[in-house]
Every structure is written in structure tokens, then in C-alpha cells.
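A.B. asks: File work-v8.cif below, mmCIF, C-alpha atoms (C1' of nucleotides):
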```
data_start
loop_
_atom_site.label_atom_id
_atom_site.label_comp_id
_atom_site.auth_asym_id
_atom_site.auth_seq_id
_atom_site.Cartn_x
_atom_site.Cartn_y
_atom_site.Cartn_z
CA MET A 1441 123.75 192.01 63.27
CA THR A 1442 125.82 190.22 60.67
CA ILE A 1443 128.69 187.99 61.69
CA GLU A 1444 131.13 190.41 60.03
CA GLU A 1445 129.92 193.22 62.26
CA ILE A 1446 130.23 191.03 65.34
CA LEU A 1447 133.75 189.93 64.42
CA ASP A 1448 134.86 193.51 63.66
CA GLN A 1449 133.61 194.64 67.02
CA VAL A 1450 136.21 192.42 68.68
CA TYR A 1451 139.12 192.93 66.28
CA GLU A 1452 139.42 193.99 62.66
CA MET A 1453 140.80 191.25 60.47
CA PRO A 1454 141.55 191.10 56.73
CA VAL A 1455 138.48 190.08 54.72
CA ARG A 1456 140.10 186.74 53.93
CA SER A 1457 140.31 185.76 57.59
CA LYS A 1458 136.83 187.01 58.29
CA ASP A 1459 135.53 184.92 55.40
CA ILE A 1460 137.20 181.82 56.79
CA LEU A 1461 135.41 182.31 60.10
CA LYS A 1462 132.16 183.12 58.33
CA ASN A 1463 132.38 180.00 56.19
CA ASN A 1464 132.95 177.91 59.26
CA SER A 1465 129.95 179.31 61.09
CA LYS A 1466 126.36 178.18 60.93
CA GLU A 1467 123.21 180.16 61.66
CA VAL A 1468 120.98 178.55 64.26
CA SER A 1469 117.85 179.60 66.13
CA PHE A 1470 116.34 178.48 69.41
CA PRO A 1471 113.27 179.54 71.37
CA LYS A 1472 113.13 181.45 74.63
CA GLY A 1473 113.84 179.19 77.57
CA HIS A 1474 116.15 176.87 75.65
CA ILE A 1475 119.27 175.79 77.53
CA LEU A 1476 122.01 176.33 74.96
CA LEU A 1477 125.01 175.12 76.95
CA ARG A 1478 125.00 172.92 80.04
CA ALA A 1479 127.17 172.60 83.12
CA GLU A 1480 128.97 169.26 83.51
CA ARG A 1481 129.31 168.92 79.75
CA LEU A 1482 132.28 169.32 77.49
CA GLU A 1483 130.82 171.87 75.09
CA LYS A 1484 131.84 171.78 71.43
CA SER A 1485 130.75 175.19 70.18
CA ILE A 1486 130.78 178.88 70.87
CA TYR A 1487 127.97 181.17 69.69
CA MET A 1488 127.62 184.80 68.69
CA ILE A 1489 124.34 186.56 69.29
CA ARG A 1490 122.75 187.88 66.12
CA LYS A 1491 119.51 188.63 67.90
CA GLY A 1492 118.26 187.97 71.43
CA VAL A 1493 119.45 187.98 75.01
CA VAL A 1494 120.90 185.23 77.20
CA ARG A 1495 122.19 184.64 80.69
CA ALA A 1496 125.00 182.48 82.05
CA PHE A 1497 124.44 180.94 85.44
CA ALA A 1498 126.18 178.50 87.72
CA PRO A 1499 123.53 176.04 88.93
CA GLN A 1500 123.79 175.49 92.67
CA GLU A 1501 121.81 173.42 95.13
CA GLU A 1502 120.50 176.40 97.07
CA ARG A 1503 120.20 179.01 94.36
CA ASP A 1504 121.54 179.57 90.88
CA ILE A 1505 124.11 182.31 90.41
CA THR A 1506 123.61 184.45 87.32
CA PHE A 1507 126.94 186.03 86.51
CA TRP A 1508 126.75 187.22 82.90
CA PHE A 1509 124.23 188.59 80.41
CA GLY A 1510 124.78 188.59 76.66
CA GLU A 1511 122.97 190.75 74.13
CA GLU A 1512 123.29 191.31 70.37
CA GLY A 1513 126.90 191.16 69.21
CA GLU A 1514 128.28 189.31 72.20
CA THR A 1515 130.01 185.97 72.16
CA ILE A 1516 128.76 183.11 74.29
CA LEU A 1517 131.28 180.58 75.44
CA SER A 1518 131.57 178.05 78.16
CA MET A 1519 134.79 179.21 79.75
CA ARG A 1520 136.15 175.88 80.97
CA SER A 1521 135.30 174.03 77.78
CA TYR A 1522 136.72 176.76 75.57
CA VAL A 1523 139.92 177.38 77.54
CA GLU A 1524 140.73 174.04 79.14
CA HIS A 1525 138.68 171.46 77.24
CA LYS A 1526 137.09 170.44 80.50
CA LYS A 1527 133.50 170.16 81.63
CA SER A 1528 131.90 173.54 82.02
CA TYR A 1529 130.45 174.93 85.21
CA GLU A 1530 127.71 177.07 83.73
CA HIS A 1531 124.40 176.82 81.94
CA ILE A 1532 123.49 179.29 79.21
CA GLU A 1533 119.77 179.99 79.01
CA LEU A 1534 118.06 181.96 76.27
CA LEU A 1535 115.90 184.73 77.76
CA ALA A 1536 114.25 185.39 74.39
CA ASP A 1537 113.99 183.67 71.02
CA CYS A 1538 117.53 183.88 69.67
CA ASP A 1539 119.30 183.83 66.31
CA LEU A 1540 122.89 182.75 66.75
CA TYR A 1541 126.05 182.06 64.77
CA GLU A 1542 127.63 178.78 65.83
CA LEU A 1543 131.36 178.05 65.57
CA LYS A 1544 132.96 174.75 66.50
CA ILE A 1545 135.65 175.10 69.14
CA GLU A 1546 137.73 172.38 67.53
CA LYS A 1547 137.72 174.17 64.19
CA LEU A 1548 138.52 177.45 65.88
CA GLN A 1549 141.54 175.91 67.65
CA GLU A 1550 142.72 174.67 64.27
CA LEU A 1551 142.33 178.14 62.75
CA TYR A 1552 144.19 179.71 65.66
CA GLN A 1553 147.21 177.64 64.57
CA GLN A 1554 146.85 178.49 60.88
CA ASP A 1555 145.86 182.13 60.63
CA ILE A 1556 147.63 184.78 62.66
CA HIS A 1557 144.77 187.25 62.26
CA ILE A 1558 142.30 184.77 63.66
CA ALA A 1559 144.70 184.04 66.53
CA ASN A 1560 144.80 187.74 67.30
CA TRP A 1561 141.04 187.95 67.06
CA GLY A 1562 140.85 185.19 69.69
CA ARG A 1563 143.34 187.08 71.81
CA LYS A 1564 141.29 190.25 71.66
CA LEU A 1565 138.09 188.37 72.43
CA ALA A 1566 139.56 187.14 75.71
CA GLU A 1567 141.30 190.41 76.54
CA LYS A 1568 138.19 192.52 76.14
CA GLU A 1569 136.10 190.17 78.24
CA LEU A 1570 138.84 190.16 80.87
CA LEU A 1571 138.89 193.94 81.03
CA LYS A 1572 135.11 194.01 81.46
CA ILE A 1573 135.00 191.47 84.24
CA GLU A 1574 137.91 193.06 86.13
CA SER A 1575 136.28 196.50 86.06
CA ARG A 1576 133.05 194.95 87.19
CA MET A 1577 134.73 193.15 90.08
CA ILE A 1578 136.26 196.40 91.33
CA ALA A 1579 132.94 198.21 91.02
CA ALA A 1580 131.25 195.42 92.96
CA GLU A 1581 133.51 196.05 95.94
CA LEU A 1582 133.17 199.78 95.76
CA LEU A 1583 129.46 200.31 95.29
CA SER A 1584 126.37 199.53 97.38
CA ALA A 1585 123.70 197.25 95.92
CA LYS A 1586 121.63 200.30 95.02
CA GLU A 1587 124.52 201.94 93.21
CA ARG A 1588 125.33 198.74 91.36
CA TYR A 1589 121.72 198.49 90.22
CA GLU A 1590 121.76 202.07 88.98
CA ALA A 1591 125.07 201.52 87.22
CA LEU A 1592 123.64 198.45 85.49
CA LEU A 1593 120.57 200.44 84.46
CA SER A 1594 122.59 203.21 82.89
CA GLN A 1595 124.96 200.80 81.17
CA PHE A 1596 122.28 198.44 79.83
CA PRO A 1597 118.99 200.37 79.91
CA SER A 1598 117.19 197.70 77.93
CA LEU A 1599 118.20 194.83 80.17
CA VAL A 1600 115.57 195.53 82.81
CA GLN A 1601 112.86 195.26 80.18
CA ARG A 1602 114.24 192.03 78.74
CA VAL A 1603 115.38 190.11 81.80
CA PRO A 1604 113.40 188.89 84.84
CA LEU A 1605 114.37 190.83 87.95
CA LYS A 1606 115.32 187.73 89.86
CA TYR A 1607 118.20 187.15 87.47
CA ILE A 1608 119.27 190.77 87.74
CA ALA A 1609 119.23 190.45 91.53
CA SER A 1610 121.46 187.40 91.33
CA TYR A 1611 123.80 189.20 88.93
CA LEU A 1612 124.05 192.06 91.43
CA GLY A 1613 124.78 189.61 94.22
CA ILE A 1614 121.60 190.25 96.18
CA THR A 1615 118.22 188.55 96.64
CA GLN A 1616 115.17 189.41 94.65
CA VAL A 1617 113.56 190.72 97.83
CA SER A 1618 116.41 193.19 98.32
CA LEU A 1619 116.24 194.33 94.72
CA SER A 1620 112.55 195.00 95.16
CA ARG A 1621 113.32 197.10 98.24
CA ILE A 1622 116.00 199.02 96.33
CA ARG A 1623 113.67 199.73 93.41
CA LYS A 1624 111.05 201.12 95.76
CA MET A 1625 113.53 203.46 97.46
CA LYS A 1626 114.45 205.04 94.15
CA MET B 1411 161.92 180.80 87.83
CA THR B 1412 163.37 181.33 84.37
CA ILE B 1413 161.44 183.23 81.74
CA GLU B 1414 161.18 180.03 79.68
CA GLU B 1415 159.40 178.29 82.54
CA ILE B 1416 157.05 181.22 83.00
CA LEU B 1417 156.23 181.36 79.30
CA ASP B 1418 155.67 177.59 79.10
CA GLN B 1419 153.28 177.76 82.00
CA VAL B 1420 150.95 179.89 79.87
CA TYR B 1421 151.39 178.18 76.51
CA GLU B 1422 154.10 176.04 74.97
CA MET B 1423 155.73 177.67 71.98
CA PRO B 1424 158.52 176.54 69.65
CA VAL B 1425 161.96 177.44 71.03
CA ARG B 1426 162.39 180.02 68.30
CA SER B 1427 159.38 182.04 69.45
CA LYS B 1428 160.35 181.67 73.07
CA ASP B 1429 163.81 182.99 72.26
CA ILE B 1430 162.33 186.01 70.53
CA LEU B 1431 160.38 186.88 73.66
CA LYS B 1432 163.37 186.17 75.85
CA ASN B 1433 165.63 188.38 73.76
CA ASN B 1434 163.12 191.19 74.02
CA SER B 1435 162.86 190.95 77.78
CA LYS B 1436 165.02 192.59 80.40
CA GLU B 1437 165.68 191.52 83.98
CA VAL B 1438 164.89 194.21 86.52
CA SER B 1439 164.73 194.34 90.32
CA PHE B 1440 162.93 196.65 92.72
CA PRO B 1441 162.66 196.80 96.50
CA LYS B 1442 159.64 196.04 98.67
CA GLY B 1443 157.21 198.94 98.70
CA HIS B 1444 158.06 200.11 95.17
CA ILE B 1445 155.08 201.14 93.06
CA LEU B 1446 155.74 199.37 89.77
CA LEU B 1447 152.76 200.58 87.75
CA ARG B 1448 150.55 203.57 88.48
CA ALA B 1449 146.92 204.45 87.90
CA GLU B 1450 146.26 207.37 85.57
CA ARG B 1451 149.31 206.48 83.51
CA LEU B 1452 149.65 204.90 80.11
CA GLU B 1453 151.95 202.03 81.03
CA LYS B 1454 154.52 200.82 78.52
CA SER B 1455 155.53 197.44 79.92
CA ILE B 1456 154.28 194.19 81.34
CA TYR B 1457 156.30 192.18 83.86
CA MET B 1458 156.68 188.54 84.81
CA ILE B 1459 157.52 187.66 88.38
CA ARG B 1460 160.76 185.72 88.69
CA LYS B 1461 160.78 186.14 92.44
CA GLY B 1462 158.56 188.04 94.86
CA VAL B 1463 154.93 188.93 95.46
CA VAL B 1464 152.85 191.92 94.39
CA ARG B 1465 149.35 193.30 94.69
CA ALA B 1466 147.16 195.24 92.28
CA PHE B 1467 144.85 197.81 93.78
CA ALA B 1468 142.49 200.48 92.60
CA PRO B 1469 143.23 203.61 94.61
CA GLN B 1470 140.05 205.22 95.89
CA GLU B 1471 139.33 208.25 98.01
CA GLU B 1472 137.84 206.29 100.88
CA ARG B 1473 139.85 203.11 100.73
CA ASP B 1474 141.99 201.26 98.22
CA ILE B 1475 140.59 198.09 96.69
CA THR B 1476 143.08 195.25 96.39
CA PHE B 1477 141.77 192.93 93.70
CA TRP B 1478 144.72 190.77 92.63
CA PHE B 1479 147.86 189.16 94.05
CA GLY B 1480 150.73 187.91 91.91
CA GLU B 1481 153.38 185.44 92.96
CA GLU B 1482 156.29 183.74 91.17
CA GLY B 1483 155.48 182.87 87.57
CA GLU B 1484 152.59 185.26 87.19
CA THR B 1485 152.31 188.09 84.70
CA ILE B 1486 151.66 191.64 85.83
CA LEU B 1487 149.85 193.90 83.46
CA SER B 1488 147.87 197.06 83.66
CA MET B 1489 144.71 195.88 82.01
CA ARG B 1490 143.57 199.13 80.40
CA SER B 1491 147.03 200.04 79.12
CA TYR B 1492 147.65 196.55 77.78
CA VAL B 1493 144.26 196.01 76.16
CA GLU B 1494 143.09 199.49 75.17
CA HIS B 1495 146.21 201.67 75.27
CA LYS B 1496 144.45 203.92 77.75
CA LYS B 1497 145.39 205.15 81.18
CA SER B 1498 145.28 202.41 83.74
CA TYR B 1499 143.06 202.32 86.82
CA GLU B 1500 145.34 200.36 89.11
CA HIS B 1501 148.56 200.60 91.02
CA ILE B 1502 150.89 197.63 91.31
CA GLU B 1503 152.83 197.57 94.58
CA LEU B 1504 155.66 195.20 95.39
CA LEU B 1505 155.01 193.44 98.70
CA ALA B 1506 158.58 192.07 98.80
CA ASP B 1507 161.84 192.71 97.00
CA CYS B 1508 161.15 191.46 93.46
CA ASP B 1509 163.07 190.20 90.46
CA LEU B 1510 161.07 190.69 87.31
CA TYR B 1511 161.27 190.19 83.56
CA GLU B 1512 160.14 193.29 81.71
CA LEU B 1513 158.59 193.24 78.23
CA LYS B 1514 157.60 196.34 76.29
CA ILE B 1515 153.92 196.34 75.31
CA GLU B 1516 154.68 198.04 72.01
CA LYS B 1517 157.20 195.33 71.08
CA LEU B 1518 154.78 192.65 72.15
CA GLN B 1519 152.03 194.10 69.95
CA GLU B 1520 154.47 194.02 67.06
CA LEU B 1521 155.35 190.40 67.74
CA TYR B 1522 151.66 189.46 67.96
CA GLN B 1523 151.42 190.56 64.31
CA GLN B 1524 154.55 188.69 63.22
CA ASP B 1525 154.64 185.37 65.05
CA ILE B 1526 151.53 183.20 65.27
CA HIS B 1527 152.91 181.26 68.24
CA ILE B 1528 153.42 184.45 70.20
CA ALA B 1529 149.92 185.58 69.22
CA ASN B 1530 148.56 182.32 70.61
CA TRP B 1531 150.64 182.73 73.73
CA GLY B 1532 149.01 186.15 74.21
CA ARG B 1533 145.62 184.59 73.65
CA LYS B 1534 146.23 181.92 76.28
CA LEU B 1535 147.55 184.48 78.75
CA ALA B 1536 144.26 186.38 78.60
CA GLU B 1537 142.10 183.26 78.48
CA LYS B 1538 143.66 181.72 81.58
CA GLU B 1539 143.36 184.93 83.56
CA LEU B 1540 139.75 185.26 82.43
CA LEU B 1541 138.92 181.76 83.61
CA LYS B 1542 140.47 182.48 87.01
CA ILE B 1543 138.64 185.73 87.56
CA GLU B 1544 135.30 184.31 86.44
CA SER B 1545 135.57 181.35 88.81
CA ARG B 1546 136.53 183.71 91.58
CA MET B 1547 133.57 185.97 90.90
CA ILE B 1548 131.16 183.05 91.14
CA ALA B 1549 132.80 181.83 94.35
CA ALA B 1550 132.50 185.33 95.78
CA GLU B 1551 128.73 185.23 95.38
CA LEU B 1552 128.38 181.74 96.71
CA LEU B 1553 130.58 181.75 99.80
CA SER B 1554 130.50 183.66 103.08
CA ALA B 1555 133.48 185.83 103.99
CA LYS B 1556 134.74 183.07 106.27
CA GLU B 1557 134.54 180.47 103.53
CA ARG B 1558 136.28 182.77 101.07
CA TYR B 1559 139.09 183.30 103.53
CA GLU B 1560 139.49 179.57 104.06
CA ALA B 1561 139.41 178.96 100.30
CA LEU B 1562 142.14 181.56 99.82
CA LEU B 1563 144.21 179.93 102.56
CA SER B 1564 144.02 176.52 101.01
CA GLN B 1565 144.71 177.84 97.51
CA PHE B 1566 147.63 180.11 98.47
CA PRO B 1567 148.88 178.93 101.86
CA SER B 1568 151.94 181.15 101.68
CA LEU B 1569 150.02 184.33 100.94
CA VAL B 1570 148.99 184.95 104.54
CA GLN B 1571 152.65 184.89 105.57
CA ARG B 1572 153.71 187.22 102.80
CA VAL B 1573 150.89 189.74 102.61
CA PRO B 1574 149.54 192.15 105.26
CA LEU B 1575 146.08 191.12 106.39
CA LYS B 1576 144.54 194.44 105.48
CA TYR B 1577 145.19 193.71 101.83
CA ILE B 1578 143.79 190.23 102.16
CA ALA B 1579 140.67 191.69 103.77
CA SER B 1580 140.24 194.08 100.86
CA TYR B 1581 140.78 191.24 98.37
CA LEU B 1582 138.05 189.27 100.14
CA GLY B 1583 135.73 192.27 100.00
CA ILE B 1584 135.57 192.83 103.75
CA THR B 1585 137.16 195.16 106.30
CA GLN B 1586 140.23 194.31 108.26
CA VAL B 1587 138.13 194.31 111.43
CA SER B 1588 135.84 191.66 109.96
CA LEU B 1589 138.76 189.53 108.88
CA SER B 1590 140.16 189.70 112.37
CA ARG B 1591 136.80 188.53 113.74
CA ILE B 1592 136.72 185.68 111.22
CA ARG B 1593 140.23 184.56 112.09
CA LYS B 1594 139.37 184.46 115.77
CA MET B 1595 136.27 182.32 115.19
CA LYS B 1596 138.30 179.67 113.43
"C1'" DT C 709 167.44 198.63 122.86
"C1'" DT C 710 164.32 201.92 122.31
"C1'" DC C 711 161.14 204.53 119.89
"C1'" DA C 712 157.81 205.54 116.23
"C1'" DG C 713 155.19 204.00 113.03
"C1'" DT C 714 152.40 199.98 111.30
"C1'" DA C 715 149.66 196.13 111.71
"C1'" DT C 716 146.37 193.61 114.22
"C1'" DT C 717 142.88 192.76 117.59
"C1'" DT C 718 139.02 193.85 120.47
"C1'" DA C 719 134.72 196.01 121.87
"C1'" DA C 720 130.35 198.48 121.32
"C1'" DC C 721 127.08 199.90 118.42
"C1'" DA C 722 124.74 200.60 113.63
"C1'" DT C 723 122.91 198.99 109.25
"C1'" DA C 724 122.48 196.77 104.72
"C1'" DG C 725 120.82 193.03 103.14
"C1'" DG C 726 119.17 187.97 104.13
"C1'" DA C 727 115.21 184.67 105.32
"C1'" DT C 728 110.65 183.59 105.50
"C1'" DA C 729 106.10 184.07 104.50
"C1'" DA C 730 102.16 186.21 102.70
"C1'" DG C 731 100.22 189.08 99.44
"C1'" DT C 732 99.62 191.03 94.53
"C1'" DT C 733 100.48 191.39 89.70
"C1'" DT C 734 101.78 189.56 85.27
"C1'" DT C 735 102.10 186.02 81.78
"C1'" DG C 736 101.11 182.23 79.05
"C1'" DT C 737 97.98 178.56 77.73
"C1'" DC C 738 93.77 176.25 76.74
"C1'" DG D 408 88.97 185.38 79.20
"C1'" DA D 409 89.78 182.16 83.02
"C1'" DC D 410 93.03 179.71 85.38
"C1'" DA D 411 97.55 178.27 86.97
"C1'" DA D 412 102.07 179.31 87.28
"C1'" DA D 413 105.56 182.56 87.54
"C1'" DA D 414 107.19 187.11 88.74
"C1'" DC D 415 107.27 190.69 91.83
"C1'" DT D 416 106.32 193.28 96.15
"C1'" DT D 417 105.70 193.98 100.97
"C1'" DA D 418 106.24 193.17 105.92
"C1'" DT D 419 108.63 191.31 109.91
"C1'" DC D 420 112.37 189.84 112.06
"C1'" DC D 421 117.39 188.52 112.07
"C1'" DT D 422 122.39 188.27 111.16
"C1'" DA D 423 126.76 189.26 108.98
"C1'" DT D 424 129.48 192.77 108.24
"C1'" DG D 425 130.45 197.83 108.65
"C1'" DT D 426 132.01 201.86 111.62
"C1'" DT D 427 134.51 203.97 115.07
"C1'" DA D 428 137.68 204.05 118.53
"C1'" DA D 429 140.81 202.25 121.69
"C1'" DA D 430 144.20 198.70 123.14
"C1'" DT D 431 147.94 195.72 121.96
"C1'" DA D 432 151.59 193.70 119.20
"C1'" DC D 433 154.96 193.87 115.83
"C1'" DT D 434 158.86 195.91 112.87
"C1'" DG D 435 162.56 198.48 111.36
"C1'" DA D 436 165.67 202.35 111.89
"C1'" DA D 437 168.83 204.90 114.76
#
```
How does the structure come out when it is put into C-alpha cells?

C.D. replies:
Amino acid sequence: MTIEEILDQVYEMPVRSKDILKNNSKEVSFPKGHILLRAERLEKSIYMIRKGVVRAFAPQEERDITFWFGEEGETILSMRSYVEHKKSYEHIELLADCDLYELKIEKLQELYQQDIHIANWGRKLAEKELLKIESRMIAAELLSAKERYEALLSQFPSLVQRVPLKYIASYLGITQVSLSRIRKMK
Amino acid sequence: MTIEEILDQVYEMPVRSKDILKNNSKEVSFPKGHILLRAERLEKSIYMIRKGVVRAFAPQEERDITFWFGEEGETILSMRSYVEHKKSYEHIELLADCDLYELKIEKLQELYQQDIHIANWGRKLAEKELLKIESRMIAAELLSAKERYEALLSQFPSLVQRVPLKYIASYLGITQVSLSRIRKMK
DNA sequence: TTCAGTATTTAACATAGGATAAGTTTTGTC
DNA sequence: GACAAAACTTATCCTATGTTAAATACTGAA
């Protein structure tokens, strides 16, 4: 995916504004297993996924909590660093070799003040993510673990091939042992 | 709370932009029990809470799912109507007599295209809500029902006085019977 | 102040999913 | 292609929360 396609997917801007963002982005690549963003750090960049798949997880003493997966076209950001300029609470781990577009948060903040189209793009980015997470939270309360697994499968059929089951279990809010049980029942 | 205070809490704009929003808002009041926004409707307005407390819930055949509470200073919006101009999935119910500031979504969309400060205010509104819901989702996976209840108590001490326990139970993702058990254990 | 409707608690029983531990299968590396 | 490490499954037992139903307490309207 090109950066133009990724940007358009969030919000369609005039070419001029898109070019500004494009010219301020940098293509980068990292191997599978790389930790792209770290908890307890003030992160300086956001990334868009040109190719690959990643997970966000909150590292915890007992067990990590995987709470988000990103595939091609999605935007990776460390919520606390991006929104509040504070240390982030999550790690982002690459689950495959990834090609990414990097954008500096500082530059982006500057552009938000200068270009109304970019400001609206940033608004839409947050709004769409918010809508997704709210729907997901409601579904989580409504559905059994089995139903949530099946919903995930039908929404992201490729995820199960690309992502270790233990992370999917954590995303669903269950243990890997339970997920195994659920898969057998099917 | 005045509308200026509420707006500032999200993002500080020049007085001129604040005045534009203020001049496009309308004070309205409704009694306890009023359903302010309805599922299956394309809602036309968002509201800011000057005084009162409300809940958002997804009505379901078996049982409603309460997933959000709003108190003074918070902004009420029907996510799907606001973000996608589609029918919403939630009801908003007033849990007390409320004084609200009403803003038309259509007008707001227009202002997002005209005033960069307002566009950035809209961006911050979504970003801050997103940060809250993401943190809450992680906490939900990490904590037991009892811990979640205690966390809610310490974060919103007044909520338990203002809101029926059955809605708090639903918000916590448990039944009212379980919440009662938890409260007794304390 | 009483009555009816709500809200809350309590009790008894059922069950989904957790914990632990022991296999088995897959994957990556030399 | 052999080995170690990681991923996944299976089995057993256990616990938190769900379900149902009944008892009690609270609230608001007449």
C-alpha cells in the first residue's frame, strides 16, 4: 500500500496536504520480532503499515495483555505519547517483517496547526479508531469467548494464520488453554 | 459549568473560535429518565453536560449493556451518527435532571472545514476519549470484578451515589447479583 | 402514610473459563 | 535433518461469576 492510499482510507485531503504529509514521512523496515515502540518511553513517531502485521500489548508482571492488532493500512501510535506527550504504556511488536511509513509526532503537531485538512485528517484518525474500540467493547460484554473468537475470525480471516494463538487468546481476554478448548469444540 | 470551561477542558482555542461554538450552541434541559439520544436513529446533535449525569447503553434483547457514564463537563455523542452519519447503536438516558449545551453535528462539520482551531478541538475531543477507553479496556482484562469496582469508586466517588447499581454492574461487565456479592465482601 | 413499583440483597445451584502440569507439534537454526 | 525452543493441545481440578428465585429495602405518587 502506498502512503496516499493509507491516508485516503482515513480521510480524503487535497493533494497538496497529502503531499506535505508524504514529504514528511520516511520509509523504514524492521524484521519480525522487532519491538517498534516501548512502554515507559516518550515515543517520537507514529507509523503506518505498508506491509506486515503488528500487535500492541501492555507488558505486565504476570502476563502481557495484547489489546490491538494492526495490518496493512493501519496506523500505529502509542496513545499516551501521541495524545498527552507522556510515557506510553504499551509495546508494539512486529509479528512479521514490516515495511512502514514513519511520521514524527512533533512535525505532525506542527502541521495540525498549519493545515486545516491535516487537522481534520488527524480528527478522523482518532474518531474512526474510537468507533472501532467502542463497538468492540460492547461486543466483548455481549458475546461468549467462543462467539468473540468466531467474530474475530470472520472479521480478520487472515489474522489466525499470521498471529500466534497465544496473542489472539490475550486479545479475546482468555487464556491460551481456553482458546485451545474453544477451537476444539468448533 | 459554562460552555467555555467545558470547551477549554478539551482543548484551548482562541476566544474567537470559542465564541463561534458558543454562538452555535443552545442551552436545553430535560428531566431525569428522559432518553436524549436513541439507537436506530440518525442523531443530529451532540450535547455537553452543564449539570447532571447520564449513561450510554446498547439496548439488547436479553439485557442492556451500559458502557459509558457522563458527568458535568463531558460531551455526549452518538458515535456512529457523529463519525459515520449512520444510525446509532446506543441510547443515552438522563440519570438526573440535566442542563445541557446542544450543538448541531451538521454545523460542527461545517465549522471543522472553516476554522482550524475548531478542527483541532474536534481532534482532541476524539483523542482524549480514545485514550480513556483504551486504558479502560486494558484495565478490564487485568483486574478482577472486585478490583474494577474499587477502581471505579476511587475514580468517580460520586457515581455510586448518583447511579443505580444495576447500571454500574453492567458497566463493570458483571450482573447486579455479582456486584452485590462483591460489595458485601468488602 | 400507604401502596406499588423499583432497587438491592441473599441463597442455592450451575458453568465458563482459569491454573497447573504434562504431553505433542511446529519452527528456526546450525 | 537434528536439536532446542516455542507454540499448541489435552487433562484434571478449581473458582469466579452467572442464573434463578425469593426476601427485603427503598422511593415516589396519591

A.B. asks: Skipping near chain neighbours, those fewer than 6 positions away, what residues fall within 12 Å of D:DC410 using all atoms listed in the file, listed as a ChimeraX atom specification?

C.D. replies: /C:735-738

A.B. asks: With C-alpha atoms (C1' of nucleotides) retained, write the just-selected residues as a PDB file, in the coordinates of the input.

C.D. replies:
```
ATOM      1  C1'  DT C 735     102.100 186.020  81.780  1.00  0.00           C
ATOM      2  C1'  DG C 736     101.110 182.230  79.050  1.00  0.00           C
ATOM      3  C1'  DT C 737      97.980 178.560  77.730  1.00  0.00           C
ATOM      4  C1'  DC C 738      93.770 176.250  76.740  1.00  0.00           C
TER       5       DC C 738
END
```

A.B. asks: Given a cut-off of 9 Å, which residues of chain A touch chain B, counting all atoms listed in the file, written out as a ChimeraX atom specification?

C.D. replies: /A:1498,1500,1503,1505-1507,1519-1520,1522-1524,1529,1552-1557,1559-1571,1573-1575,1577-1578,1580-1582,1610,1613-1614

A.B. asks: Please provide as a PyMOL selection string all residues within 12 Å of stretch 417-432 of chain D, with the sequence filter that same-chain residues fewer than 5 positions apart are discarded (counting all atoms listed in the file).

C.D. replies: (chain A and resi 1617-1618+1620-1621+1624) or (chain B and resi 1554-1556+1583-1592) or (chain C and resi 714-732)

A.B. asks: What would the selection look like, as a PyMOL selection string, if the PyMOL selection byres ((chain B and resi 1449) around 8) were run on the coordinates I just shared?

C.D. replies: chain B and resi 1447-1448+1450-1451+1468-1469+1497-1501

A.B. asks: Could you write out that same residue set with C-alpha atoms as an mmCIF file, in the coordinates of the input?

C.D. replies:
```cif
data_model
loop_
_atom_site.group_PDB
_atom_site.id
_atom_site.type_symbol
_atom_site.label_atom_id
_atom_site.label_comp_id
_atom_site.auth_asym_id
_atom_site.auth_seq_id
_atom_site.Cartn_x
_atom_site.Cartn_y
_atom_site.Cartn_z
ATOM 1 C CA LEU B 1447 152.760 200.580 87.750
ATOM 2 C CA ARG B 1448 150.550 203.570 88.480
ATOM 3 C CA GLU B 1450 146.260 207.370 85.570
ATOM 4 C CA ARG B 1451 149.310 206.480 83.510
ATOM 5 C CA ALA B 1468 142.490 200.480 92.600
ATOM 6 C CA PRO B 1469 143.230 203.610 94.610
ATOM 7 C CA LYS B 1497 145.390 205.150 81.180
ATOM 8 C CA SER B 1498 145.280 202.410 83.740
ATOM 9 C CA TYR B 1499 143.060 202.320 86.820
ATOM 10 C CA GLU B 1500 145.340 200.360 89.110
ATOM 11 C CA HIS B 1501 148.560 200.600 91.020
#
```

A.B. asks: Would you tabulate, counting all atoms listed in the file, all residues of chain D that have an atom at most 9 Å from an atom of chain A, showing the closest pair of atoms and their distance in Å to one decimal, sorted by chain then ascending number, as a tab-separated table?

C.D. replies:
```
residue	atom	partner	partner_atom	distance
D:DA414	C1'	A:Pro1604	CA	7.5
D:DC415	C1'	A:Ser1620	CA	7.6
D:DT416	C1'	A:Ser1620	CA	6.5
D:DT417	C1'	A:Arg1621	CA	8.7
```

A.B. asks: Those residues you just picked out, can you put them in a file as an mmCIF file, in the coordinates of the input with C-alpha atoms (C1' of nucleotides)?

C.D. replies:
```cif
data_model
loop_
_atom_site.group_PDB
_atom_site.id
_atom_site.type_symbol
_atom_site.label_atom_id
_atom_site.label_comp_id
_atom_site.auth_asym_id
_atom_site.auth_seq_id
_atom_site.Cartn_x
_atom_site.Cartn_y
_atom_site.Cartn_z
ATOM 1 C "C1'" DA D 414 107.190 187.110 88.740
ATOM 2 C "C1'" DC D 415 107.270 190.690 91.830
ATOM 3 C "C1'" DT D 416 106.320 193.280 96.150
ATOM 4 C "C1'" DT D 417 105.700 193.980 100.970
#
```

A.B. asks: Applying the PyMOL selection byres ((chain B and resi 1412) around 12) to the file I just gave you, which residues come out? Please list them as JSON, numbers by chain.

C.D. replies: {"B": [1411, 1413, 1414, 1415, 1416, 1417, 1418, 1419, 1428, 1432, 1435, 1437, 1458, 1459, 1460, 1461, 1482, 1483, 1484, 1509, 1510, 1511]}

A.B. asks: Compare A:Leu1593, A:Ala1609, A:Cys1538, A:Leu1543 by their minimum atom-to-atom distance to chain C, counting only C-alpha atoms (C1' of nucleotides), and give me the closest one.

C.D. replies: A:Ala1609

A.B. asks: Could you please determine the separation between atom CA of A:Tyr1589 and atom C1' of C:DT733 in Å, to one decimal place?

C.D. replies: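 Distance between the two atoms: 22.4 Å.
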
A.B. asks: Which residues come within 9 Å of A:His1474, counting only C-alpha atoms (C1' of nucleotides), excluding same-chain residues fewer than 5 positions away, as a list in words?

C.D. replies: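 Using only C-alpha atoms (C1' of nucleotides), the neighbours found are Ile1532, Glu1533, Leu1534, Leu1535, Ala1536 and Asp1537 of chain A.
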